[in-house]
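What follows is the content of input09.txt, which has compact mmCIF, C-alpha atoms and all ligand atoms:
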```
# COMPACT_ATOMS: atom_id res chain seq x y z
CA MET A 1 -38.57 42.27 -160.28
CA GLU A 2 -39.03 41.06 -163.84
CA TYR A 3 -41.80 38.50 -164.48
CA VAL A 4 -41.66 36.00 -167.33
CA ASN A 5 -44.09 33.58 -168.95
CA PHE A 6 -43.92 30.05 -167.62
CA GLY A 7 -45.42 27.00 -169.36
CA LYS A 8 -48.17 27.30 -171.91
CA ASN A 9 -51.04 28.76 -169.86
CA GLY A 10 -49.87 32.32 -169.37
CA LEU A 11 -48.56 31.87 -165.82
CA LYS A 12 -46.17 34.69 -164.82
CA ILE A 13 -43.27 33.91 -162.52
CA SER A 14 -40.46 36.03 -161.14
CA ARG A 15 -37.18 35.67 -163.04
CA PHE A 16 -35.45 35.09 -159.71
CA GLY A 17 -36.69 32.10 -157.71
CA MET A 18 -35.85 30.92 -154.25
CA GLY A 19 -33.90 27.67 -154.09
CA CYS A 20 -34.76 25.90 -150.84
CA MET A 21 -31.94 23.37 -150.62
CA ARG A 22 -29.45 25.39 -148.62
CA PHE A 23 -31.36 26.76 -145.63
CA LEU A 24 -29.00 27.50 -142.77
CA ARG A 25 -28.72 24.62 -140.30
CA ASN A 26 -27.84 24.52 -136.61
CA LYS A 27 -27.08 21.56 -134.38
CA ASN A 28 -29.93 20.55 -132.06
CA GLN A 29 -29.45 19.03 -128.57
CA GLU A 30 -28.79 15.57 -130.03
CA GLY A 31 -26.10 17.03 -132.31
CA LYS A 32 -28.27 16.66 -135.44
CA GLU A 33 -28.14 19.50 -137.97
CA ILE A 34 -31.58 20.99 -138.47
CA ILE A 35 -32.87 24.01 -140.40
CA ASP A 36 -32.92 27.30 -138.51
CA GLU A 37 -36.70 27.41 -138.75
CA ASP A 38 -37.29 30.91 -137.49
CA LEU A 39 -34.77 32.45 -139.91
CA ALA A 40 -35.88 30.32 -142.87
CA ILE A 41 -39.58 31.17 -142.41
CA LYS A 42 -38.80 34.87 -142.18
CA LEU A 43 -36.61 34.69 -145.29
CA VAL A 44 -39.22 32.83 -147.33
CA ARG A 45 -41.98 35.28 -146.36
CA LYS A 46 -39.75 38.30 -146.95
CA ALA A 47 -38.86 36.92 -150.39
CA ILE A 48 -42.55 36.51 -151.26
CA ASP A 49 -43.44 39.95 -149.87
CA SER A 50 -40.66 41.35 -152.09
CA GLY A 51 -42.15 39.86 -155.27
CA ILE A 52 -40.42 36.46 -155.57
CA ASN A 53 -43.16 34.01 -156.47
CA TYR A 54 -41.29 30.81 -157.44
CA LEU A 55 -40.01 28.39 -154.77
CA ASP A 56 -38.09 25.20 -155.49
CA THR A 57 -37.66 22.29 -153.09
CA ALA A 58 -37.43 18.48 -153.23
CA TYR A 59 -38.34 15.36 -151.26
CA VAL A 60 -34.66 14.79 -150.49
CA TYR A 61 -33.77 18.30 -149.23
CA GLU A 62 -33.99 17.26 -145.61
CA GLY A 63 -36.55 19.31 -143.67
CA SER A 64 -37.13 21.71 -146.58
CA GLU A 65 -40.63 20.58 -147.59
CA GLU A 66 -41.77 20.60 -143.94
CA LEU A 67 -40.29 24.07 -143.52
CA LEU A 68 -42.15 25.37 -146.57
CA GLY A 69 -45.34 23.78 -145.28
CA LYS A 70 -45.04 26.02 -142.25
CA ALA A 71 -43.76 29.12 -144.05
CA LEU A 72 -46.61 29.04 -146.57
CA GLN A 73 -49.39 29.28 -143.99
CA ASP A 74 -51.31 32.53 -143.45
CA GLY A 75 -52.15 33.03 -147.14
CA TYR A 76 -48.61 32.64 -148.55
CA ARG A 77 -49.33 29.36 -150.35
CA GLU A 78 -51.68 31.03 -152.83
CA LYS A 79 -49.08 33.66 -153.69
CA VAL A 80 -46.43 31.27 -155.02
CA THR A 81 -45.66 28.79 -157.74
CA LEU A 82 -44.41 25.87 -155.69
CA ALA A 83 -42.06 23.35 -157.30
CA THR A 84 -40.95 20.07 -155.77
CA LYS A 85 -39.42 16.84 -157.03
CA MET A 86 -40.18 13.13 -156.95
CA PRO A 87 -37.16 11.02 -155.85
CA VAL A 88 -37.61 8.50 -158.67
CA TRP A 89 -34.90 6.19 -157.30
CA GLU A 90 -37.02 5.62 -154.16
CA ALA A 91 -39.86 4.05 -156.16
CA THR A 92 -39.68 0.32 -156.86
CA THR A 93 -43.33 -0.04 -157.90
CA TYR A 94 -45.77 2.30 -159.65
CA GLU A 95 -47.77 2.54 -156.40
CA ASP A 96 -44.69 3.95 -154.64
CA TYR A 97 -45.01 7.13 -156.71
CA GLU A 98 -48.35 7.93 -155.14
CA LYS A 99 -47.09 7.15 -151.62
CA LEU A 100 -44.15 9.51 -152.08
CA PHE A 101 -46.34 12.18 -153.65
CA ASN A 102 -48.89 12.03 -150.82
CA LYS A 103 -46.10 12.32 -148.28
CA GLN A 104 -44.96 15.49 -150.06
CA LEU A 105 -48.46 17.00 -149.98
CA GLU A 106 -48.59 16.25 -146.27
CA ARG A 107 -45.19 17.83 -145.60
CA LEU A 108 -46.02 20.88 -147.69
CA GLN A 109 -49.49 21.18 -146.12
CA THR A 110 -51.10 21.62 -149.50
CA ASP A 111 -53.41 19.60 -151.75
CA TYR A 112 -51.67 20.43 -155.04
CA ILE A 113 -48.19 21.07 -156.41
CA ASP A 114 -47.76 23.72 -159.09
CA VAL A 115 -44.63 22.34 -160.74
CA TYR A 116 -43.84 18.68 -160.20
CA LEU A 117 -40.47 17.41 -161.40
CA LEU A 118 -39.03 13.94 -161.74
CA HIS A 119 -35.76 14.42 -159.91
CA GLY A 120 -32.28 13.84 -161.34
CA LEU A 121 -32.94 12.10 -164.66
CA ASN A 122 -29.48 10.83 -165.48
CA GLN A 123 -29.39 7.68 -167.63
CA LEU A 124 -30.01 5.38 -164.63
CA ASN A 125 -33.00 7.33 -163.31
CA TYR A 126 -34.39 7.83 -166.81
CA ASP A 127 -34.34 4.02 -167.25
CA ARG A 128 -36.11 3.66 -163.89
CA VAL A 129 -38.82 6.10 -164.95
CA ARG A 130 -39.39 4.32 -168.23
CA LYS A 131 -39.54 0.94 -166.50
CA LEU A 132 -42.21 2.07 -163.99
CA ASP A 133 -44.02 4.33 -166.47
CA GLY A 134 -43.32 7.40 -164.34
CA THR A 135 -44.67 9.89 -166.86
CA ARG A 136 -48.07 8.12 -166.69
CA PHE A 137 -48.09 9.07 -163.04
CA LEU A 138 -47.54 12.71 -164.04
CA ASP A 139 -50.46 12.46 -166.48
CA GLU A 140 -52.65 10.95 -163.77
CA MET A 141 -51.88 13.64 -161.22
CA TYR A 142 -52.33 16.33 -163.85
CA ALA A 143 -55.75 14.97 -164.81
CA LYS A 144 -56.78 15.01 -161.15
CA GLY A 145 -55.65 18.62 -160.78
CA LYS A 146 -52.98 17.67 -158.26
CA ILE A 147 -50.14 19.02 -160.36
CA ARG A 148 -50.20 21.89 -162.85
CA TYR A 149 -46.91 21.68 -164.71
CA LYS A 150 -44.84 18.59 -165.48
CA GLY A 151 -41.08 18.71 -165.45
CA PHE A 152 -37.77 17.04 -164.70
CA SER A 153 -34.40 18.00 -163.33
CA ILE A 154 -31.14 16.66 -164.67
CA HIS A 155 -27.44 16.55 -163.99
CA GLY A 156 -26.68 14.24 -166.92
CA GLU A 157 -24.88 14.77 -170.18
CA ILE A 158 -26.37 16.42 -173.27
CA ASP A 159 -27.16 13.19 -175.15
CA VAL A 160 -29.22 11.84 -172.23
CA PHE A 161 -30.86 15.23 -171.83
CA LYS A 162 -32.03 15.30 -175.44
CA LYS A 163 -33.43 11.78 -175.15
CA VAL A 164 -35.38 12.76 -172.02
CA ILE A 165 -36.73 15.92 -173.65
CA ASP A 166 -37.95 14.00 -176.68
CA TYR A 167 -39.51 11.25 -174.55
CA TYR A 168 -42.49 13.18 -173.15
CA ASN A 169 -44.59 16.30 -173.36
CA TRP A 170 -42.81 18.23 -170.58
CA ASP A 171 -43.72 21.78 -169.58
CA MET A 172 -40.36 22.58 -168.07
CA CYS A 173 -36.94 21.33 -167.02
CA LEU A 174 -34.40 22.32 -164.38
CA ILE A 175 -30.74 22.32 -165.39
CA GLN A 176 -27.42 23.28 -163.81
CA LEU A 177 -25.96 26.30 -165.57
CA ASN A 178 -23.49 29.06 -164.73
CA PHE A 179 -20.70 30.73 -166.69
CA LEU A 180 -18.20 28.09 -165.56
CA ASP A 181 -20.40 25.20 -166.69
CA HIS A 182 -21.42 26.64 -170.06
CA LYS A 183 -20.17 23.50 -171.81
CA HIS A 184 -20.41 21.11 -168.85
CA GLN A 185 -23.34 18.67 -168.40
CA VAL A 186 -26.30 20.08 -170.34
CA GLY A 187 -24.71 23.49 -170.85
CA VAL A 188 -25.90 26.32 -173.09
CA GLU A 189 -26.52 23.83 -175.89
CA GLY A 190 -29.07 22.04 -173.68
CA LEU A 191 -30.71 25.30 -172.66
CA LYS A 192 -31.28 26.22 -176.30
CA TYR A 193 -32.46 22.72 -177.21
CA ALA A 194 -35.07 22.69 -174.42
CA ALA A 195 -36.29 26.18 -175.32
CA SER A 196 -36.54 25.23 -179.00
CA LYS A 197 -38.90 22.41 -177.97
CA GLY A 198 -41.13 24.84 -176.09
CA LEU A 199 -40.03 24.03 -172.53
CA SER A 200 -39.59 26.66 -169.85
CA VAL A 201 -36.09 26.30 -168.40
CA ALA A 202 -35.27 26.84 -164.74
CA ILE A 203 -31.64 27.18 -163.70
CA MET A 204 -29.97 25.72 -160.61
CA GLU A 205 -26.52 26.45 -159.21
CA PRO A 206 -26.16 29.82 -160.96
CA LEU A 207 -23.31 30.71 -158.60
CA LYS A 208 -21.94 27.15 -158.50
CA GLY A 209 -23.02 26.88 -154.88
CA GLY A 210 -21.30 30.19 -153.98
CA LEU A 211 -17.96 29.40 -155.66
CA LEU A 212 -18.47 32.23 -158.16
CA SER A 213 -19.65 34.77 -155.58
CA THR A 214 -18.01 34.26 -152.21
CA ARG A 215 -14.81 32.35 -153.07
CA VAL A 216 -13.31 34.58 -155.73
CA PRO A 217 -9.55 34.22 -156.34
CA LYS A 218 -7.54 37.46 -156.54
CA GLU A 219 -6.79 36.96 -160.25
CA ALA A 220 -10.54 36.90 -160.99
CA GLU A 221 -11.17 39.87 -158.73
CA ALA A 222 -8.53 41.85 -160.64
CA ILE A 223 -10.30 41.10 -163.93
CA TRP A 224 -13.71 42.19 -162.59
CA ASN A 225 -12.07 45.39 -161.27
CA GLU A 226 -10.83 46.32 -164.76
CA TYR A 227 -14.39 47.08 -165.83
CA PRO A 228 -15.47 50.72 -165.39
CA VAL A 229 -18.90 49.74 -163.97
CA LYS A 230 -18.36 48.15 -160.56
CA ARG A 231 -20.35 44.97 -159.97
CA ASN A 232 -19.98 42.24 -157.40
CA PRO A 233 -19.14 38.71 -158.64
CA ALA A 234 -22.68 37.40 -157.96
CA GLU A 235 -24.01 40.15 -160.20
CA TRP A 236 -21.70 39.17 -163.06
CA ALA A 237 -22.78 35.52 -162.76
CA PHE A 238 -26.51 36.34 -162.66
CA LYS A 239 -26.16 38.82 -165.53
CA TRP A 240 -24.54 36.17 -167.71
CA LEU A 241 -27.57 33.92 -167.22
CA CYS A 242 -30.20 36.64 -167.57
CA ASN A 243 -28.60 37.70 -170.83
CA MET A 244 -30.03 34.55 -172.44
CA PRO A 245 -33.74 34.91 -173.28
CA GLU A 246 -34.16 31.12 -173.10
CA VAL A 247 -33.67 31.25 -169.30
CA SER A 248 -37.02 31.40 -167.49
CA VAL A 249 -36.24 31.41 -163.78
CA VAL A 250 -32.90 31.44 -161.97
CA LEU A 251 -32.93 29.65 -158.62
CA SER A 252 -30.45 30.50 -155.94
CA GLY A 253 -30.22 29.44 -152.31
CA ILE A 254 -30.20 32.46 -150.00
CA ASN A 255 -29.40 32.47 -146.32
CA THR A 256 -29.27 36.13 -145.40
CA PHE A 257 -31.55 39.13 -145.81
CA GLU A 258 -28.61 41.02 -147.37
CA GLN A 259 -28.24 38.40 -150.13
CA LEU A 260 -31.98 38.46 -150.68
CA GLU A 261 -32.07 42.23 -151.11
CA GLU A 262 -28.97 42.17 -153.27
CA ASN A 263 -30.36 39.51 -155.58
CA ILE A 264 -33.69 41.29 -155.93
CA ARG A 265 -31.80 44.45 -156.92
CA ILE A 266 -29.68 42.56 -159.47
CA PHE A 267 -32.69 40.90 -161.06
CA SER A 268 -34.61 44.18 -161.25
CA GLU A 269 -31.76 45.75 -163.21
CA THR A 270 -30.89 42.92 -165.59
CA GLN A 271 -32.39 42.36 -169.02
CA PRO A 272 -31.88 39.62 -171.64
CA GLY A 273 -29.55 40.51 -174.49
CA SER A 274 -27.98 43.44 -172.66
CA MET A 275 -24.39 42.24 -172.28
CA THR A 276 -21.70 43.71 -174.53
CA LYS A 277 -18.82 41.87 -176.22
CA GLU A 278 -16.41 43.51 -173.80
CA GLU A 279 -18.39 42.12 -170.85
CA MET A 280 -18.50 38.65 -172.39
CA ASP A 281 -14.73 38.75 -172.93
CA LEU A 282 -14.25 39.56 -169.26
CA ILE A 283 -16.37 36.58 -168.29
CA GLU A 284 -14.34 34.34 -170.58
CA ARG A 285 -11.13 35.43 -168.84
CA VAL A 286 -12.58 34.85 -165.35
CA ARG A 287 -13.80 31.45 -166.51
CA GLU A 288 -10.23 30.56 -167.49
CA VAL A 289 -8.95 31.61 -164.06
CA TYR A 290 -11.40 29.27 -162.32
CA ARG A 291 -10.70 26.49 -164.80
CA SER A 292 -7.00 26.62 -164.13
CA LYS A 293 -7.50 26.54 -160.36
CA VAL A 294 -10.51 24.45 -159.35
CA LYS A 295 -9.46 20.81 -159.13
CA ILE A 296 -12.71 19.21 -157.90
CA GLY A 297 -16.04 20.30 -159.37
CA CYS A 298 -17.85 19.95 -156.03
CA THR A 299 -20.76 22.36 -155.46
CA GLY A 300 -21.32 21.45 -151.80
CA CYS A 301 -24.85 20.20 -152.55
CA GLY A 302 -24.56 17.41 -149.94
CA TYR A 303 -26.25 14.74 -152.09
CA CYS A 304 -23.38 12.38 -151.19
CA MET A 305 -24.19 12.57 -147.50
CA PRO A 306 -24.64 10.98 -145.05
CA CYS A 307 -21.56 8.80 -145.44
CA PRO A 308 -21.69 5.55 -143.41
CA ALA A 309 -18.17 6.28 -142.12
CA ASP A 310 -19.05 9.91 -141.34
CA VAL A 311 -16.50 11.29 -143.82
CA ASP A 312 -17.34 14.98 -144.27
CA ILE A 313 -17.05 14.91 -148.08
CA PRO A 314 -18.35 18.42 -148.98
CA ASP A 315 -16.24 20.18 -146.36
CA ILE A 316 -13.11 18.24 -147.29
CA PHE A 317 -13.51 19.14 -150.97
CA LYS A 318 -14.24 22.77 -150.08
CA ILE A 319 -11.02 23.01 -148.09
CA TYR A 320 -9.05 21.50 -150.98
CA ASN A 321 -10.65 23.75 -153.61
CA ASP A 322 -10.03 26.78 -151.42
CA LEU A 323 -6.37 25.77 -151.25
CA CYS A 324 -6.28 25.65 -155.07
CA LEU A 325 -8.07 29.01 -155.29
CA PHE A 326 -6.19 30.95 -152.61
CA ASP A 327 -2.83 29.10 -152.27
CA ASP A 328 -2.95 29.12 -148.47
CA LEU A 329 -1.56 25.71 -147.53
CA ASN A 330 -1.22 26.41 -143.79
CA SER A 331 -4.82 27.44 -143.42
CA ALA A 332 -6.00 24.45 -145.50
CA LYS A 333 -3.96 22.05 -143.34
CA MET A 334 -5.35 23.60 -140.19
CA MET A 335 -8.95 23.32 -141.41
CA TYR A 336 -8.36 19.72 -142.47
CA SER A 337 -6.86 18.82 -139.10
CA LEU A 338 -9.96 20.24 -137.41
CA ILE A 339 -12.08 17.86 -139.45
CA ALA A 340 -9.74 15.00 -138.54
CA LYS A 341 -10.12 15.83 -134.85
CA GLU A 342 -13.88 15.44 -135.08
CA ALA A 343 -14.04 11.64 -134.84
CA HIS A 344 -14.26 9.78 -138.17
CA LYS A 345 -14.56 12.74 -140.45
CA ASP A 346 -11.33 12.90 -142.44
CA ALA A 347 -10.63 11.08 -145.70
CA THR A 348 -8.79 8.11 -144.10
CA ASN A 349 -12.08 6.79 -142.71
CA CYS A 350 -13.46 6.09 -146.18
CA LEU A 351 -14.60 2.45 -146.50
CA GLU A 352 -14.70 2.69 -150.31
CA CYS A 353 -18.32 1.53 -150.32
CA GLY A 354 -19.08 3.85 -153.28
CA ASN A 355 -22.50 4.99 -151.95
CA CYS A 356 -21.55 8.64 -152.27
CA MET A 357 -20.52 8.28 -155.92
CA ASN A 358 -23.93 6.86 -156.84
CA HIS A 359 -25.51 10.12 -155.67
CA CYS A 360 -23.01 12.78 -156.77
CA PRO A 361 -24.66 14.90 -159.51
CA GLN A 362 -21.25 16.10 -160.64
CA GLY A 363 -19.93 12.57 -161.25
CA ILE A 364 -16.90 13.12 -159.03
CA ASP A 365 -14.59 10.16 -158.42
CA ILE A 366 -14.98 10.79 -154.69
CA ILE A 367 -12.95 7.82 -153.41
CA ASN A 368 -9.82 8.73 -155.37
CA LYS A 369 -10.24 12.47 -154.88
CA LEU A 370 -10.39 11.92 -151.10
CA LYS A 371 -7.06 10.10 -151.31
CA GLU A 372 -5.57 12.94 -153.35
CA VAL A 373 -6.77 15.52 -150.83
CA HIS A 374 -5.46 13.52 -147.88
CA SER A 375 -2.01 13.12 -149.39
CA THR A 376 -1.81 16.92 -149.83
CA LEU A 377 -3.27 17.94 -146.48
CA GLU A 378 -2.41 15.19 -143.97
N1 LIG B 1 -27.09 22.14 -156.15
C1 LIG B 1 -27.73 21.09 -156.64
O1 LIG B 1 -27.18 20.00 -156.89
C2 LIG B 1 -29.16 21.23 -156.89
C3 LIG B 1 -29.79 20.17 -157.39
C4 LIG B 1 -31.11 20.27 -157.66
C5 LIG B 1 -31.79 21.43 -157.41
N2 LIG B 1 -31.18 22.49 -156.92
C6 LIG B 1 -32.02 23.68 -156.67
O2 LIG B 1 -31.47 24.82 -157.20
C7 LIG B 1 -31.35 25.79 -156.17
C8 LIG B 1 -30.21 26.71 -156.46
O3 LIG B 1 -28.97 26.03 -156.41
P1 LIG B 1 -27.87 26.55 -155.43
O4 LIG B 1 -28.45 26.77 -154.07
O5 LIG B 1 -26.74 25.62 -155.59
O6 LIG B 1 -27.59 28.02 -156.05
P2 LIG B 1 -26.29 28.90 -156.13
O7 LIG B 1 -26.78 30.27 -156.42
O8 LIG B 1 -25.30 28.35 -157.07
O9 LIG B 1 -25.65 28.85 -154.69
C9 LIG B 1 -26.27 29.42 -153.57
C10 LIG B 1 -25.21 30.07 -152.71
O10 LIG B 1 -24.72 31.20 -153.39
C11 LIG B 1 -24.40 32.20 -152.47
N3 LIG B 1 -25.14 33.46 -152.79
C12 LIG B 1 -26.44 33.64 -153.14
N4 LIG B 1 -26.67 34.95 -153.38
C13 LIG B 1 -25.49 35.61 -153.19
C14 LIG B 1 -25.09 36.95 -153.28
N5 LIG B 1 -25.92 37.93 -153.62
N6 LIG B 1 -23.81 37.25 -153.01
C15 LIG B 1 -22.93 36.31 -152.67
N7 LIG B 1 -23.25 35.00 -152.56
C16 LIG B 1 -24.53 34.65 -152.82
C17 LIG B 1 -24.76 31.69 -151.09
O11 LIG B 1 -23.53 31.13 -150.60
P3 LIG B 1 -23.10 31.27 -149.05
O12 LIG B 1 -24.12 30.44 -148.32
O13 LIG B 1 -21.72 30.69 -149.06
O14 LIG B 1 -23.17 32.72 -148.74
C18 LIG B 1 -25.75 30.59 -151.40
O15 LIG B 1 -25.78 29.59 -150.42
C19 LIG B 1 -31.24 24.97 -154.90
O16 LIG B 1 -31.51 25.68 -153.72
C20 LIG B 1 -32.23 23.90 -155.18
O17 LIG B 1 -33.53 24.36 -154.90
C21 LIG B 1 -29.86 22.40 -156.68
S1 LIG B 2 -17.05 5.64 -150.49
FE1 LIG B 2 -16.11 6.43 -148.63
S2 LIG B 2 -16.71 8.56 -148.55
FE2 LIG B 2 -18.08 7.56 -149.98
S3 LIG B 2 -19.87 6.96 -148.75
FE3 LIG B 2 -18.49 5.22 -148.78
S4 LIG B 2 -17.26 5.46 -146.95
FE4 LIG B 2 -18.21 7.43 -147.33
S1 LIG B 3 -19.08 15.52 -153.78
FE1 LIG B 3 -20.75 15.61 -155.26
S2 LIG B 3 -22.59 15.10 -154.08
FE2 LIG B 3 -20.99 15.60 -152.59
S3 LIG B 3 -21.29 17.75 -152.14
FE3 LIG B 3 -19.80 17.63 -153.81
S4 LIG B 3 -20.98 17.81 -155.71
FE4 LIG B 3 -22.45 17.35 -154.05
```
So that I can check it, write out the structure of this file as structure tokens.
Amino acid sequence: MEYVNFGKNGLKISRFGMGCMRFLRNKNQEGKEIIDEDLAIKLVRKAIDSGINYLDTAYVYEGSEELLGKALQDGYREKVTLATKMPVWEATTYEDYEKLFNKQLERLQTDYIDVYLLHGLNQLNYDRVRKLDGTRFLDEMYAKGKIRYKGFSIHGEIDVFKKVIDYYNWDMCLIQLNFLDHKHQVGVEGLKYAASKGLSVAIMEPLKGGLLSTRVPKEAEAIWNEYPVKRNPAEWAFKWLCNMPEVSVVLSGINTFEQLEENIRIFSETQPGSMTKEEMDLIERVREVYRSKVKIGCTGCGYCMPCPADVDIPDIFKIYNDLCLFDDLNSAKMMYSLIAKEAHKDATNCLECGNCMNHCPQGIDIINKLKEVHSTLE
């Protein structure tokens, strides 16, 4: 595992970090989906034992902070750089910040957070932070030794991103980046801008939620297969990111021991600046394949859920995107009808309340896209 400098105090972190948003969930007796605790704790500890020392979670990743609180007992807490995020939209007064923060310490069973991020600073949340003086709260916690590095995450556009960067003395930021999104949202331009201002940059959604690794259309597979060195699609996507020296840590959600081992191998073998022009050309061609096929930029993050009408938005969009990727209309219709059979889960139940759209980091016009999907798959 390669270790890189993080922040300004000589901290070393692993280039591959564990994203803790996508732990596998099972239904409990009441039908509620809860994290498979046994598996998740074993995975987290195995990751740390294997040299991964950066973990990323958030207040709003349901059950994730509590899970990490348990997983990091028995001496594991001291071995990691633990990052979590303040849900700035939940605070209506300055005092709310401290209440939320204390709740996080309690869930995580710790008395300090290594990297504390203000979550999701799009224009709206950035305005909220400025109104309540949210960065003063970061200064306060830093002075008390309760946080060690100050950061933010963002899904906004580049102009907002630059404003946020220039607003405060951040140590780091977390941005969405993968070879499909190189000019989307903050993109490579944002990565370079943040690095030029001295920030460490963490990356989320390097595989676009698995789209680039487990849902590969045959046209893309054929392009990867042209290359004499055989690599799996996840490896290509991670290599593209690691090629850029401005990238500090790449976060990916992992749910199996196989993926964990595979990703550790990939990150041990990948160096910045090592990709050739031929490899970059291949990536450009695969990018074009995805561009021509993917109709809804949904990453399955689940931020839009729960929906008051129980519409299963991420699954519906996944079925539709898979239809666009693999051209299997029968299978897509069958999957969609299964969702429809589970009471109130298909697109027709949408009440058009718009709640989901306020939370979607990808800015998807969910209401109209649901209509489009339904007219294709009903
Ligand atoms: N997504 C967001 O909106 C968001 C927002 C803020 C923060 N974050 C943070 O960033 C972290 C990373 O984002 P992400 O989870 O979306 O990362 P990602 O790497 O884009 O997606 C993770 C998914 O990629 C697949 N995967 C991982 N390793 C693989 C391998 N070796 N081979 C094949 N497939 C592999 C798995 O999909 P399968 O489960 O299908 O196998 C896994 O669930 C999050 O966990 C969270 O901590 C994310
Ligand atoms: S707009 Fe429709 S899909 Fe979105 S939260 Fe409201 S009811 Fe659910
Ligand atoms: S619609 Fe938006 S919020 Fe919902 S899962 Fe997809 S990307 Fe995430």
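Straight-line separation from atom CA of Ile147 of chain A to atom CA of Tyr193 of chain A: 24.7 Å.
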Check: When distances are computed from only C-alpha atoms, which of A:Cys20, A:Ala47, A:Gly134, A:Asn330 shows the smallest separation from Glu258 of chain A?
Finding: A:Ala47
Check: What's the 9 Å shell around segment 88-104 of chain A, counting all atoms listed in the file, without same-chain residues fewer than 4 positions away, as a count of residues only?
Finding: 22
Using all atoms listed in the file, find each residue of chain A with at least one atom at most 7 Å away from an atom of ligand LIG 1 (chain B); report its shortest atom-to-atom pair and that distance in Å (one decimal), sort the rows by chain and rising residue number, and return the result as a tab-separated table.
```
residue	atom	partner	partner_atom	distance
A:Met18	CA	B:LIG1	O16	6.8
A:Gly19	CA	B:LIG1	O16	3.1
A:Cys20	CA	B:LIG1	O16	4.3
A:Met21	CA	B:LIG1	O16	3.9
A:Arg22	CA	B:LIG1	O16	5.5
A:Asp56	CA	B:LIG1	O17	4.7
A:Thr57	CA	B:LIG1	O17	5.0
A:Ser153	CA	B:LIG1	C4	6.9
A:Ile203	CA	B:LIG1	O2	6.9
A:Met204	CA	B:LIG1	O2	3.8
A:Glu205	CA	B:LIG1	O8	3.1
A:Pro206	CA	B:LIG1	O8	4.2
A:Leu207	CA	B:LIG1	O8	3.4
A:Lys208	CA	B:LIG1	O8	3.8
A:Gly209	CA	B:LIG1	O9	3.3
A:Gly210	CA	B:LIG1	O10	3.6
A:Ser213	CA	B:LIG1	C15	4.6
A:Thr214	CA	B:LIG1	N7	5.3
A:Ala234	CA	B:LIG1	N6	5.1
A:Leu251	CA	B:LIG1	C8	4.6
A:Ser252	CA	B:LIG1	O7	3.7
A:Gly253	CA	B:LIG1	O4	3.7
A:Ile254	CA	B:LIG1	C18	5.0
A:Asn255	CA	B:LIG1	O12	6.0
A:Gln259	CA	B:LIG1	N5	4.2
A:Leu260	CA	B:LIG1	N5	6.8
A:Glu262	CA	B:LIG1	N5	5.2
A:Asn263	CA	B:LIG1	N5	5.1
A:Thr299	CA	B:LIG1	N1	6.4
A:Cys301	CA	B:LIG1	N1	4.7
A:Pro361	CA	B:LIG1	O1	6.3
```
Can you check which parts of chain A lie within 9 Å of ligand LIG 2 (chain B)? Per residue, the shortest pair of atoms and distance in Å to one decimal, counting only C-alpha atoms and all ligand atoms, sorted by chain and number, as CSV.
```
residue,atom,partner,partner_atom,distance
A:Cys304,CA,B:LIG2,S3,6.9
A:Met305,CA,B:LIG2,S3,7.2
A:Pro306,CA,B:LIG2,S3,7.3
A:Cys307,CA,B:LIG2,FE4,4.1
A:Pro308,CA,B:LIG2,FE4,5.6
A:Ala309,CA,B:LIG2,S4,5.0
A:Asp310,CA,B:LIG2,FE4,6.5
A:Val311,CA,B:LIG2,S2,5.5
A:Asp312,CA,B:LIG2,S2,7.7
A:Ile313,CA,B:LIG2,S2,6.4
A:Ala347,CA,B:LIG2,S2,7.2
A:Thr348,CA,B:LIG2,FE1,8.8
A:Asn349,CA,B:LIG2,S4,6.8
A:Cys350,CA,B:LIG2,FE1,3.6
A:Leu351,CA,B:LIG2,S4,4.0
A:Glu352,CA,B:LIG2,S1,3.8
A:Cys353,CA,B:LIG2,FE3,4.0
A:Gly354,CA,B:LIG2,S1,3.9
A:Asn355,CA,B:LIG2,S3,4.6
A:Cys356,CA,B:LIG2,S3,4.2
A:Met357,CA,B:LIG2,FE2,6.5
A:Ile366,CA,B:LIG2,FE2,6.5
A:Ile367,CA,B:LIG2,S1,5.5
A:Leu370,CA,B:LIG2,S2,7.6
```
Notebook entry, point to check: Between A:Arg265, A:Glu378, A:Ala220, A:Thr256, which has the minimum distance to Lys239 of chain A (counting all atoms listed in the file)?
Noted result: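 Distance minimum relative to Lys239 of chain A lands on A:Arg265.
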